[in-house]
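Novice: Below you'll find the structure I mean.
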Amino acid sequence: MALGDLMASRFSQSSLVVVSNHYDDCPSTHGGEDAGDWTSQRRDSDSASSSYGNVIATTTSMAYLPQTIVLCELRHEAFEAPVPTGPSESGLVSKWWPKDRMKTGYVALVLCLKISVDPPDVIKISPCARMECWIDPFSMAPTKALEAIGKTLKVQYERWQPKARYKVQLDPSVEEVKKLCDTCRRYAKSERVLFHYNGHGVPKPTANGEIWLFNKSYTQYIPLPISDLDSWLKTPSIYVFDCSAGGMIVNAFMELHEWNATGSSGSTKDCILLAACEAHETLPQSAEFPADVFTSCLTTPIKMALRWFCKHSLLHESLDYSLIDKIPGRPNDRKTLLGELNWIFTAVTDTIAWNVLPHDLFQRLFRQDLLVASLFRNFLLAERIMRSANCSPVSLPMLPPTHQHHMWDAWDMAAEICLSQLPSLVEDPIAEFQPSPFFTEQLTAFEVWLDHGSEHKKPPEQLPIVLQVLLSQCHRFRALVLLGRFLDMGPWAVDLALSVGIFPYVLKLLQTTMPELRQILVFIWTKILALDKSCQVDLVKDGGHIYFIRFLDSMEAYPEQRAMAAFVLAVIVDGHRRGQEACIGAGLIHVCLRYLQGSMPNDAQTEPLFLQWLCLCLGKLWEDFTEAQIMGLQANPPAVYSPLLSEPQPEVRASAAFALGTLLDVGGDACRDGGGDDECDDDEKIRAEINIVRSLLNIVSDGSPLVRTEVAVALARFAFGHKQHFKSAAAAYGKPQSNSVLNSLPSLAHIKSTGSRFITNTNQYMQHVSIVSSQLGPLTRVGNENPSMVRDGRVSTSSPLTTSGIMHGSPLSDDSSQHSDSGIINDIVSNGVVHHSRPKPLENDMYSQCVAAMCTLAKDPSPRVASLGRRVLSIIGIEPVVAKPSNLTGSSRLGETTSSPAPSLAGLARSLSWLDMNADHLPLTFRTPPVSPPQQSYLTGMRRVCSLDFRPHLMNSPDSGLADPLLGSDMPSGGSERSLLPQSSIYNWSCAHFSKPLLTAPDDSEDILVRREEREKLALDYIAKCQHSSVSKINSNPIAKWDKTFETGTRTALLQPFSPIVVAADENKRIRVWNYDECTFLNGFDNHDFPEKGISSFCLLNELDDSLLLVASRDGNIRIWKDYALMGKQKLVTAFPSIQGHKPGDQGLNAVVDWQQQSGYLYASSEISSIMCWDLDKEQLIHHIPSSSDSSISALSASQVHGGQFATGFVDGSVRLYDVRTPEAPVCTTRPHTEKSEEVVGIGFQPGLDPAKIISASKAGDIKFLDLRNSNDAYLTIRAYRGSLTALAVHRHAPVIASGSAKQIIKVFSLDGDPLGTIRYYPTLMAQKIGSVSCLTFHPYQVLFAAGSADACVSIYADENYQAR
């Protein structure tokens, strides 16, 4: 299958996963028809795979075993862990494709033959090898023969390096060689010099490393030490010694450079030596070889290889050797016989070298210099041929033996096929030769390896052959497809491919126009750039960016493939100004914006990955590039990106936020606040930026921390560019307010929502913030408490702006709201200079909203987001002081705490009601001296909050503005300050997607499916037992119990479905995990930092797979943990505030939440008049359902069978049933608990498929059984207690319920009202003891429940039939 088709099939499968997969009977309110089709497909396939006989009908099993899995994407692996670094700036490409590529610029050919005079130390045999450069020197006069040999050798070398300069010296003297060497180095400069020495007419080299030359009269042999030669030629250089005992020279050279290792004579690494034989060996004299067999192998390898092969094959009797010189074609034309042989020979020798040599040595010898690479390929042939004559060529650096490598067999076969058809081709020049099957067979071998190979197996030896195949059009597509499959196996595969030398080939292929190659080339470049962006310079230099922009703009490709092109372009422009300029010149901005503006909800081109990378590409394009930012601002970005900020995929929303954030200029304050030139004061630009920020404020409470992170980074940029205005707004935001003002703020709870597809909570948030900001009057801070002094131009407290009423939150401040429309502060004080900068009312309002958003982010339940939020606040001069948490006593009101200032500053401690920011223990401080002391009369009725914290060394700071802790006085200005801005993480997170396999399923996917099937079968067996077996009695003795497990009482507990594990939490923050069969402690950790937030409840997500633990705090913050049962290895998957819209300062939040696996919805509510419905697959608030009651919700239960349905109990005793398909009003309402109107403390759906049968229990002690379809009255009532009922649990499948009381009693009933057991406190020594019951929870599939009590005891009870696993 072609890679394009393979990619399409893979992506068509994976892209469906993005669609919300809620398998309930109600149609999805946001998925459209496509989602319905996909749901039916998945339901059909899953029901087919999960049928286990006739245990339960298929529809029932589907209802009881939901297929939805949430929070298992890449972003949930370890969001709180360090952010991935993204593509490396100097990685694999630069490692395997060095910029300092070398060239051999000068070649010196020195021939010492002295034809007709044999050297004294050589005794020749007869017949003897005579040919030199395939010329018989005795066939002509010695002088002519010598010249012909020299000329032929030059021609043979020019075949490998035609652009080099050549100089031939025939039988030279030492002086001539010295002059030659000096000339070579002078002309070559820093390029490599080749020195070729043929010493067949002189004695062997000496043991001291001397080669022999002649005197001028040819009467003596003159030695030339290798040290002299090395000093003349210098480095870089390569030597070829074709003489007997050549190893002598190599040994001497190695010793020379060991002595001079610390000298300046050059590095051994820059010198390469090739010698014909070992130090003790003599060149072969057999007549079957030429006399210069070593030189012939190096310069005419095909001729030499074929001649040698003929001698050793069955063809030696039938083939005329002279035909070898008549092989038709040219060496560089691969469509001819000679060209194909040369091509195969190159592929074989490259393959042998890559598989045998260390990769860095292969890179140096075979990829750095064309001539050196050719010589070493041919050297491998020389080793093979000469070893057959008991001669071993040597080299420096030394190579391992390769003469017996099995790839030589493939070469022999190709040679035989060639030679077998050679006679007919010579006879008939018109005849076409039959191409060798060599490359096809090698590609097939590579494909077999891809089907079975892995990182832990031997690498595929055919990789160099794949590289060679890219040169041929007929094999190129298949080779690229296989190469793409290989690169997809992981970073190790990319490293191997680059080590072969793939980069320049795929770079060159970007210049081709073949349409069938475009998709696979984009894929290959995606895999390379996912690991290393250092080649962005080469791509731009060669115009490669235009190739990807055209592909991005083509409608024929799949959107996932176009997303890859957008990724490649994003990497090209990432921090690369020349790349940014080139892409802008090529129209990339308009291409991206056109597809973003044209995206429709159900359009195939709006694949989330495509939208995500369009946004990221644009963000990187105009990041820190003013010209591009101006072009972006002119395109009205809020109109383009606002729809994307409500997309179902968090990655798309975060990417859109990133793109908007990079449009915000972080120019200096001189431009923003000090006048500056006209361009800096461009009102249109300011308005565009404010519109961008307004769009971002809509997602400040998004359900995904990935999105909130990008909002925090964008707000930091905005705050940095508008620093002085922000500091003024922060001062106004922090002005003390009386309770009357705070209490007069309208509650968001009364804002009603409609049943639209998507409703953001942020319009309400913005409205609330504007209400807050309108209540905040002007505030000017001063640097001295003396009311009569003005220092350094600072405004004193005698200023009319700082009258006591405005300064100290008196009733006069209620009237100050009339000033809010005219600006926050008329005179901004900074560095002792008063700047008369009057923000417009629109800007003024926006700055206040931003400060409120920053405070919200600083309290975020995600540690990463909260940290960013605090950094953003510090930019505008507010330093959150995270006080050491202290356990609140019973007498302390929630939210009340005080912190003592340092003794030396005791008199400076002041209260400041930051809209009760301290409710989450995040007191904020100005890093400057405080305002004048408040009068006692003004403190009446004000909430007491954490006092301000001051730093002594800042007391006398010359800056009267709010100090910036991140940008302290010691920090230099300009770029250094900007480097302290928090950095975005979405780009690096998103890059990690492409470094993972895209064409194959993860290795563990099969194991996951097997485990899921096992658990489904087990669950169905349990459900059948629960439904068909009668529960007669609950054993009053616990099967497991832990006393004093917490410092405070047990708040909530949960039983895992497939492991004997119980999870429990105390009233503050501690979570503990036990194995109740073995009574062993497994893990313990804190859910959050501040105990007064408390823990409200647990939910188990993905219970049929790798389960996640959802922990809800009393303030509505949700944190979801994985690996929570492994000691010390728990990881936070995600966190978000589920309750939105409550008034600032609400201290009495007591959130109720429940999870519905069937739909993937989380329902949450508290002391507000609405219910939040979160889609955890999208990590998005999708419904804001009005509760239709003036009373607050005290109990909530989601149906585990019917997706989208949930029931609520209220403080006034009423019960309501809701359906998300009709969010405007509840399905039905009743008030079963009317006698005392006691609040509902527990509610649950009865077991079975009936959607309207509900059980509710009130604090008064009565338990009501309701059928809301037939009657509003209870059809069964159990008077379980006389008041003080504290907990109710309804089994999901078995006909049993349990209730608990503050009077230390647990009662268990059947659905008919029959008592099944009572567990109570007996004051005897050995009897069972329980405390005031605080929580009850059933096992999902067994008659087993856990009880927690106020005395920190956790007990587990079972029916009489329970057997430990």
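The way I read the labels, and the way they are meant: chains A, B, ... in the order of the structure tokens, residue 1 as the first residue of every chain, and ligand 1 as the first ligand shown, with later ones counted on from there.
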Within 12 Å of Lys1264 in chain A, counting only C-alpha atoms, which residues show up once you throw out same-chain ones fewer than 5 positions away? Write them as a PDB file with N, CA and C atoms, in the first residue's frame, please.

Specialist:
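So the final result, stored in around_28.pdb, reads:
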```
ATOM      1  N   GLY A1209     -30.992  17.161  44.422  1.00  0.00           N
ATOM      2  CA  GLY A1209     -31.762  17.426  45.627  1.00  0.00           C
ATOM      3  C   GLY A1209     -31.391  18.797  46.163  1.00  0.00           C
ATOM      4  N   GLY A1213     -35.663  20.617  50.286  1.00  0.00           N
ATOM      5  CA  GLY A1213     -36.315  19.310  50.265  1.00  0.00           C
ATOM      6  C   GLY A1213     -36.876  18.916  48.925  1.00  0.00           C
ATOM      7  N   SER A1214     -36.723  19.718  47.902  1.00  0.00           N
ATOM      8  CA  SER A1214     -37.267  19.383  46.584  1.00  0.00           C
ATOM      9  C   SER A1214     -36.272  18.547  45.788  1.00  0.00           C
ATOM     10  N   VAL A1215     -36.795  17.838  44.775  1.00  0.00           N
ATOM     11  CA  VAL A1215     -36.004  16.974  43.903  1.00  0.00           C
ATOM     12  C   VAL A1215     -36.356  17.303  42.465  1.00  0.00           C
ATOM     13  N   THR A1230     -40.435  17.712  41.952  1.00  0.00           N
ATOM     14  CA  THR A1230     -41.303  17.286  43.053  1.00  0.00           C
ATOM     15  C   THR A1230     -40.655  17.699  44.362  1.00  0.00           C
ATOM     16  N   ARG A1231     -41.474  17.670  45.400  1.00  0.00           N
ATOM     17  CA  ARG A1231     -40.951  18.033  46.725  1.00  0.00           C
ATOM     18  C   ARG A1231     -41.400  16.975  47.718  1.00  0.00           C
ATOM     19  N   PRO A1232     -40.699  15.845  47.717  1.00  0.00           N
ATOM     20  CA  PRO A1232     -41.153  14.728  48.553  1.00  0.00           C
ATOM     21  C   PRO A1232     -40.921  14.962  50.042  1.00  0.00           C
ATOM     22  N   HIS A1233     -39.914  15.747  50.380  1.00  0.00           N
ATOM     23  CA  HIS A1233     -39.572  15.949  51.790  1.00  0.00           C
ATOM     24  C   HIS A1233     -40.223  17.250  52.264  1.00  0.00           C
ATOM     25  N   THR A1234     -41.516  17.138  52.623  1.00  0.00           N
ATOM     26  CA  THR A1234     -42.293  18.342  52.927  1.00  0.00           C
ATOM     27  C   THR A1234     -42.525  18.560  54.411  1.00  0.00           C
ATOM     28  N   VAL A1240     -32.062  17.805  51.187  1.00  0.00           N
ATOM     29  CA  VAL A1240     -31.745  16.486  50.663  1.00  0.00           C
ATOM     30  C   VAL A1240     -30.244  16.266  50.808  1.00  0.00           C
ATOM     31  N   VAL A1241     -29.857  15.195  51.513  1.00  0.00           N
ATOM     32  CA  VAL A1241     -28.438  14.930  51.717  1.00  0.00           C
ATOM     33  C   VAL A1241     -27.923  13.807  50.819  1.00  0.00           C
ATOM     34  N   GLY A1242     -28.827  13.064  50.197  1.00  0.00           N
ATOM     35  CA  GLY A1242     -28.397  11.996  49.304  1.00  0.00           C
ATOM     36  C   GLY A1242     -29.455  11.718  48.268  1.00  0.00           C
ATOM     37  N   ILE A1243     -29.019  11.405  47.051  1.00  0.00           N
ATOM     38  CA  ILE A1243     -29.955  11.106  45.967  1.00  0.00           C
ATOM     39  C   ILE A1243     -29.272  10.150  45.011  1.00  0.00           C
ATOM     40  N   GLY A1244     -30.060   9.266  44.383  1.00  0.00           N
ATOM     41  CA  GLY A1244     -29.473   8.320  43.444  1.00  0.00           C
ATOM     42  C   GLY A1244     -30.539   7.662  42.600  1.00  0.00           C
ATOM     43  N   PHE A1245     -30.125   7.176  41.422  1.00  0.00           N
ATOM     44  CA  PHE A1245     -31.029   6.447  40.538  1.00  0.00           C
ATOM     45  C   PHE A1245     -31.111   4.998  40.995  1.00  0.00           C
ATOM     46  N   GLN A1246     -32.317   4.439  40.929  1.00  0.00           N
ATOM     47  CA  GLN A1246     -32.479   3.048  41.288  1.00  0.00           C
ATOM     48  C   GLN A1246     -31.811   2.150  40.246  1.00  0.00           C
ATOM     49  N   LYS A1253     -36.828   6.419  38.069  1.00  0.00           N
ATOM     50  CA  LYS A1253     -36.962   5.913  39.433  1.00  0.00           C
ATOM     51  C   LYS A1253     -35.772   6.395  40.261  1.00  0.00           C
ATOM     52  N   ILE A1254     -36.085   7.174  41.295  1.00  0.00           N
ATOM     53  CA  ILE A1254     -35.055   7.870  42.059  1.00  0.00           C
ATOM     54  C   ILE A1254     -35.281   7.606  43.541  1.00  0.00           C
ATOM     55  N   ILE A1255     -34.196   7.565  44.282  1.00  0.00           N
ATOM     56  CA  ILE A1255     -34.254   7.461  45.737  1.00  0.00           C
ATOM     57  C   ILE A1255     -33.597   8.709  46.308  1.00  0.00           C
ATOM     58  N   SER A1256     -34.280   9.369  47.248  1.00  0.00           N
ATOM     59  CA  SER A1256     -33.690  10.544  47.882  1.00  0.00           C
ATOM     60  C   SER A1256     -33.859  10.423  49.396  1.00  0.00           C
ATOM     61  N   ALA A1257     -32.905  11.022  50.102  1.00  0.00           N
ATOM     62  CA  ALA A1257     -32.942  10.994  51.567  1.00  0.00           C
ATOM     63  C   ALA A1257     -32.700  12.407  52.081  1.00  0.00           C
ATOM     64  N   SER A1258     -33.447  12.769  53.108  1.00  0.00           N
ATOM     65  CA  SER A1258     -33.302  14.110  53.673  1.00  0.00           C
ATOM     66  C   SER A1258     -32.613  14.022  55.025  1.00  0.00           C
ATOM     67  N   LYS A1259     -32.178  15.147  55.501  1.00  0.00           N
ATOM     68  CA  LYS A1259     -31.507  15.216  56.786  1.00  0.00           C
ATOM     69  C   LYS A1259     -32.435  14.780  57.911  1.00  0.00           C
ATOM     70  N   ASN A1272     -45.849  12.503  41.482  1.00  0.00           N
ATOM     71  CA  ASN A1272     -44.885  13.324  42.198  1.00  0.00           C
ATOM     72  C   ASN A1272     -44.705  12.864  43.640  1.00  0.00           C
ATOM     73  N   ASP A1273     -45.583  11.955  44.079  1.00  0.00           N
ATOM     74  CA  ASP A1273     -45.494  11.473  45.455  1.00  0.00           C
ATOM     75  C   ASP A1273     -44.653  10.195  45.497  1.00  0.00           C
ATOM     76  N   ALA A1274     -44.038   9.975  46.632  1.00  0.00           N
ATOM     77  CA  ALA A1274     -43.229   8.773  46.814  1.00  0.00           C
ATOM     78  C   ALA A1274     -44.120   7.543  46.892  1.00  0.00           C
ATOM     79  N   TYR A1275     -43.718   6.460  46.207  1.00  0.00           N
ATOM     80  CA  TYR A1275     -44.504   5.230  46.306  1.00  0.00           C
ATOM     81  C   TYR A1275     -44.026   4.370  47.472  1.00  0.00           C
ATOM     82  N   LEU A1276     -42.886   4.767  48.090  1.00  0.00           N
ATOM     83  CA  LEU A1276     -42.409   4.059  49.267  1.00  0.00           C
ATOM     84  C   LEU A1276     -41.585   5.022  50.111  1.00  0.00           C
ATOM     85  N   THR A1277     -41.818   4.998  51.405  1.00  0.00           N
ATOM     86  CA  THR A1277     -41.066   5.855  52.320  1.00  0.00           C
ATOM     87  C   THR A1277     -40.515   5.001  53.453  1.00  0.00           C
ATOM     88  N   ILE A1278     -39.259   5.192  53.750  1.00  0.00           N
ATOM     89  CA  ILE A1278     -38.630   4.514  54.884  1.00  0.00           C
ATOM     90  C   ILE A1278     -38.244   5.578  55.903  1.00  0.00           C
ATOM     91  N   ARG A1279     -38.747   5.442  57.099  1.00  0.00           N
ATOM     92  CA  ARG A1279     -38.355   6.348  58.187  1.00  0.00           C
ATOM     93  C   ARG A1279     -37.120   5.743  58.856  1.00  0.00           C
ATOM     94  N   ALA A1280     -35.993   6.032  58.297  1.00  0.00           N
ATOM     95  CA  ALA A1280     -34.772   5.362  58.746  1.00  0.00           C
ATOM     96  C   ALA A1280     -34.287   5.896  60.083  1.00  0.00           C
ATOM     97  N   LEU A1288     -26.286   8.707  52.121  1.00  0.00           N
ATOM     98  CA  LEU A1288     -27.107   7.730  51.397  1.00  0.00           C
ATOM     99  C   LEU A1288     -26.272   7.171  50.253  1.00  0.00           C
ATOM    100  N   ILE A1297     -29.766  -0.460  49.240  1.00  0.00           N
ATOM    101  CA  ILE A1297     -29.328   0.896  49.544  1.00  0.00           C
ATOM    102  C   ILE A1297     -28.783   0.899  50.968  1.00  0.00           C
ATOM    103  N   LEU A1311     -34.729  -2.649  48.003  1.00  0.00           N
ATOM    104  CA  LEU A1311     -35.545  -1.680  47.281  1.00  0.00           C
ATOM    105  C   LEU A1311     -37.026  -1.803  47.654  1.00  0.00           C
ATOM    106  N   ASP A1312     -37.383  -2.883  48.336  1.00  0.00           N
ATOM    107  CA  ASP A1312     -38.755  -3.024  48.820  1.00  0.00           C
ATOM    108  C   ASP A1312     -38.921  -2.423  50.204  1.00  0.00           C
ATOM    109  N   GLY A1313     -37.870  -1.919  50.764  1.00  0.00           N
ATOM    110  CA  GLY A1313     -37.936  -1.325  52.091  1.00  0.00           C
ATOM    111  C   GLY A1313     -37.608  -2.274  53.218  1.00  0.00           C
TER     112      GLY A1313
END
```

Novice: Give me the residues near Cys310 in chain A as a list of chain:residue names, where near means some atom within 10 Å (using only C-alpha atoms) and where sequence neighbours in that chain fewer than 4 positions away do not count.

Specialist: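 Counting only C-alpha atoms, the residues come to A:Ala305, A:Leu306, A:Leu314, A:Leu315, A:His316, A:Glu317, A:Ser318, A:Leu319, A:Asp320, A:Tyr321, A:Ile324, A:Asp412, A:Ala415, A:Glu416, A:Leu419.
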
Novice: At most 9 Å is the cut-off: for each residue in range 1107-1136 of chain A with any atom that close to an atom of range 1062-1081 of chain A, write down the nearest atom pair and the distance in Å rounded to one decimal, counting only C-alpha atoms, chain first then increasing number, as JSON lines.

Specialist:
```
{"residue": "A:Ser1113", "atom": "CA", "partner": "A:Lys1069", "partner_atom": "CA", "distance": 8.4}
{"residue": "A:Tyr1124", "atom": "CA", "partner": "A:Val1073", "partner_atom": "CA", "distance": 7.9}
{"residue": "A:Ala1125", "atom": "CA", "partner": "A:Val1073", "partner_atom": "CA", "distance": 6.1}
{"residue": "A:Leu1126", "atom": "CA", "partner": "A:Val1073", "partner_atom": "CA", "distance": 8.9}
```

Novice: Emit the selected residues as a compact mmCIF listing (two decimals), in the first residue's frame, including N, CA and C atoms.

Specialist:
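Written out: result.txt:
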```txt
# COMPACT_ATOMS: atom_id res chain seq x y z
N SER A 1113 -12.91 19.49 45.14
CA SER A 1113 -12.76 20.25 46.38
C SER A 1113 -14.08 20.93 46.71
N TYR A 1124 -2.73 6.78 40.96
CA TYR A 1124 -2.94 7.23 42.33
C TYR A 1124 -2.73 6.11 43.35
N ALA A 1125 -2.72 4.85 42.90
CA ALA A 1125 -2.53 3.75 43.83
C ALA A 1125 -1.08 3.31 43.92
N LEU A 1126 -0.18 3.98 43.20
CA LEU A 1126 1.24 3.63 43.23
C LEU A 1126 1.97 4.60 44.14
```

Novice: Using only C-alpha atoms, can you tell me which of A:Cys391, A:Leu644, A:Cys850, A:Val348 comes closest to Glu461 in chain A?

Specialist: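 Checking each candidate against Glu461 in chain A, we get A:Val348 as the closest.
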
Novice: Pick out the residues sitting within 10 Å of range 986-993 of chain A, and hand them over as an NGL selection string; count only C-alpha atoms, and ignore anything fewer than 3 positions along from it in its own chain.

Specialist: :A and (74-75 or 79 or 83-87 or 526 or 529-531 or 567 or 570-571 or 574 or 609 or 612-613 or 615-617 or 619-620 or 651-652 or 654-655 or 657-658 or 706-707 or 709-710 or 983 or 996-998)

Novice: Would you mind writing down, as a PyMOL selection string, each residue of range 1225-1322 of chain A that DSSP on the backbone assigns to strand (DSSP E)?

Specialist: chain A and resi 1228-1230+1240-1245+1253-1258+1262-1267+1276-1279+1285-1290+1296-1301+1305-1310+1315-1320

Novice: Among range 983-1087 of chain A, which ones does DSSP place in alpha helix (DSSP H), written as a PyMOL selection string?

Specialist: chain A and resi 986-994+1005-1028

Novice: Using only N, CA, C and O atoms, please write the residues we just selected to a file, as a short mmCIF file (atom, residue, chain, number, x, y, z; two decimals), in the first residue's frame.

Specialist:
```cif
data_model
loop_
_atom_site.label_atom_id
_atom_site.label_comp_id
_atom_site.auth_asym_id
_atom_site.auth_seq_id
_atom_site.Cartn_x
_atom_site.Cartn_y
_atom_site.Cartn_z
N ILE A 986 2.32 25.54 24.19
CA ILE A 986 1.48 24.77 23.26
C ILE A 986 2.26 24.35 22.02
O ILE A 986 2.07 23.24 21.52
N TYR A 987 3.17 25.18 21.55
CA TYR A 987 3.91 24.82 20.34
C TYR A 987 4.78 23.60 20.58
O TYR A 987 4.75 22.63 19.82
N ASN A 988 5.55 23.61 21.68
CA ASN A 988 6.41 22.46 21.96
C ASN A 988 5.60 21.21 22.26
O ASN A 988 5.96 20.10 21.86
N TRP A 989 4.48 21.39 22.98
CA TRP A 989 3.61 20.24 23.24
C TRP A 989 3.10 19.65 21.93
O TRP A 989 3.05 18.44 21.75
N SER A 990 2.73 20.52 21.02
CA SER A 990 2.14 20.04 19.76
C SER A 990 3.18 19.38 18.88
O SER A 990 2.88 18.43 18.16
N CYS A 991 4.42 19.87 18.93
CA CYS A 991 5.48 19.24 18.12
C CYS A 991 5.70 17.79 18.52
O CYS A 991 6.07 16.96 17.68
N ALA A 992 5.48 17.50 19.78
CA ALA A 992 5.71 16.12 20.25
C ALA A 992 4.81 15.13 19.52
O ALA A 992 5.14 13.95 19.40
N HIS A 993 3.66 15.60 19.02
CA HIS A 993 2.74 14.71 18.30
C HIS A 993 3.42 14.09 17.09
O HIS A 993 3.24 12.90 16.79
N PHE A 994 4.21 14.89 16.37
CA PHE A 994 4.79 14.41 15.12
C PHE A 994 6.04 13.57 15.34
O PHE A 994 6.50 12.91 14.41
N SER A 1005 -1.52 -1.11 22.32
CA SER A 1005 -2.94 -1.00 22.02
C SER A 1005 -3.64 -2.35 22.09
O SER A 1005 -4.77 -2.46 22.56
N GLU A 1006 -2.96 -3.40 21.64
CA GLU A 1006 -3.58 -4.73 21.67
C GLU A 1006 -3.76 -5.20 23.12
O GLU A 1006 -4.80 -5.77 23.46
N ASP A 1007 -2.76 -4.93 23.95
CA ASP A 1007 -2.88 -5.30 25.36
C ASP A 1007 -4.03 -4.57 26.02
O ASP A 1007 -4.75 -5.14 26.86
N ILE A 1008 -4.21 -3.30 25.65
CA ILE A 1008 -5.30 -2.51 26.23
C ILE A 1008 -6.65 -3.10 25.85
O ILE A 1008 -7.56 -3.22 26.68
N LEU A 1009 -6.79 -3.52 24.58
CA LEU A 1009 -8.06 -4.09 24.13
C LEU A 1009 -8.33 -5.42 24.83
O LEU A 1009 -9.47 -5.70 25.23
N VAL A 1010 -7.29 -6.23 25.00
CA VAL A 1010 -7.47 -7.52 25.69
C VAL A 1010 -7.90 -7.29 27.13
O VAL A 1010 -8.84 -7.93 27.63
N ARG A 1011 -7.26 -6.35 27.82
CA ARG A 1011 -7.61 -6.08 29.21
C ARG A 1011 -9.03 -5.53 29.31
O ARG A 1011 -9.79 -5.88 30.21
N ARG A 1012 -9.40 -4.71 28.35
CA ARG A 1012 -10.75 -4.15 28.35
C ARG A 1012 -11.78 -5.27 28.18
O ARG A 1012 -12.81 -5.28 28.87
N GLU A 1013 -11.54 -6.18 27.26
CA GLU A 1013 -12.48 -7.27 27.05
C GLU A 1013 -12.60 -8.14 28.30
O GLU A 1013 -13.71 -8.57 28.66
N GLU A 1014 -11.49 -8.40 28.95
CA GLU A 1014 -11.53 -9.19 30.19
C GLU A 1014 -12.37 -8.49 31.25
O GLU A 1014 -13.17 -9.13 31.95
N ARG A 1015 -12.17 -7.19 31.38
CA ARG A 1015 -12.92 -6.47 32.40
C ARG A 1015 -14.40 -6.37 32.06
O ARG A 1015 -15.25 -6.42 32.94
N GLU A 1016 -14.70 -6.21 30.77
CA GLU A 1016 -16.11 -6.19 30.38
C GLU A 1016 -16.79 -7.50 30.72
O GLU A 1016 -17.91 -7.52 31.23
N LYS A 1017 -16.11 -8.60 30.43
CA LYS A 1017 -16.69 -9.91 30.73
C LYS A 1017 -16.87 -10.08 32.23
O LYS A 1017 -17.93 -10.55 32.70
N LEU A 1018 -15.87 -9.66 32.99
CA LEU A 1018 -15.96 -9.75 34.45
C LEU A 1018 -17.09 -8.89 34.98
O LEU A 1018 -17.88 -9.31 35.85
N ALA A 1019 -17.22 -7.67 34.44
CA ALA A 1019 -18.27 -6.76 34.88
C ALA A 1019 -19.65 -7.32 34.57
O ALA A 1019 -20.56 -7.24 35.41
N LEU A 1020 -19.80 -7.89 33.38
CA LEU A 1020 -21.10 -8.45 33.03
C LEU A 1020 -21.46 -9.63 33.94
O LEU A 1020 -22.63 -9.81 34.31
N ASP A 1021 -20.48 -10.43 34.31
CA ASP A 1021 -20.74 -11.53 35.25
C ASP A 1021 -21.18 -10.98 36.60
O ASP A 1021 -22.14 -11.47 37.21
N TYR A 1022 -20.49 -9.96 37.07
CA TYR A 1022 -20.85 -9.35 38.36
C TYR A 1022 -22.26 -8.75 38.31
O TYR A 1022 -23.05 -8.91 39.24
N ILE A 1023 -22.55 -8.05 37.19
CA ILE A 1023 -23.86 -7.42 37.07
C ILE A 1023 -24.96 -8.47 37.10
O ILE A 1023 -26.00 -8.30 37.75
N ALA A 1024 -24.73 -9.58 36.39
CA ALA A 1024 -25.73 -10.65 36.37
C ALA A 1024 -25.96 -11.20 37.78
O ALA A 1024 -27.11 -11.44 38.20
N LYS A 1025 -24.89 -11.38 38.54
CA LYS A 1025 -25.04 -11.87 39.90
C LYS A 1025 -25.79 -10.87 40.77
O LYS A 1025 -26.64 -11.24 41.58
N CYS A 1026 -25.45 -9.60 40.60
CA CYS A 1026 -26.14 -8.57 41.39
C CYS A 1026 -27.63 -8.55 41.09
O CYS A 1026 -28.46 -8.39 41.98
N GLN A 1027 -27.98 -8.70 39.81
CA GLN A 1027 -29.39 -8.58 39.43
C GLN A 1027 -30.20 -9.82 39.76
O GLN A 1027 -31.41 -9.71 40.00
N HIS A 1028 -29.56 -10.98 39.78
CA HIS A 1028 -30.33 -12.21 39.93
C HIS A 1028 -30.16 -12.90 41.27
O HIS A 1028 -30.80 -13.90 41.54
#
```

Novice: What's the 8 Å shell around range 197-204 of chain A, counting only C-alpha atoms, without same-chain residues fewer than 2 positions away, as a PyMOL selection string?

Specialist: chain A and resi 109-115+117-122+195+206+211-213+221+239-246
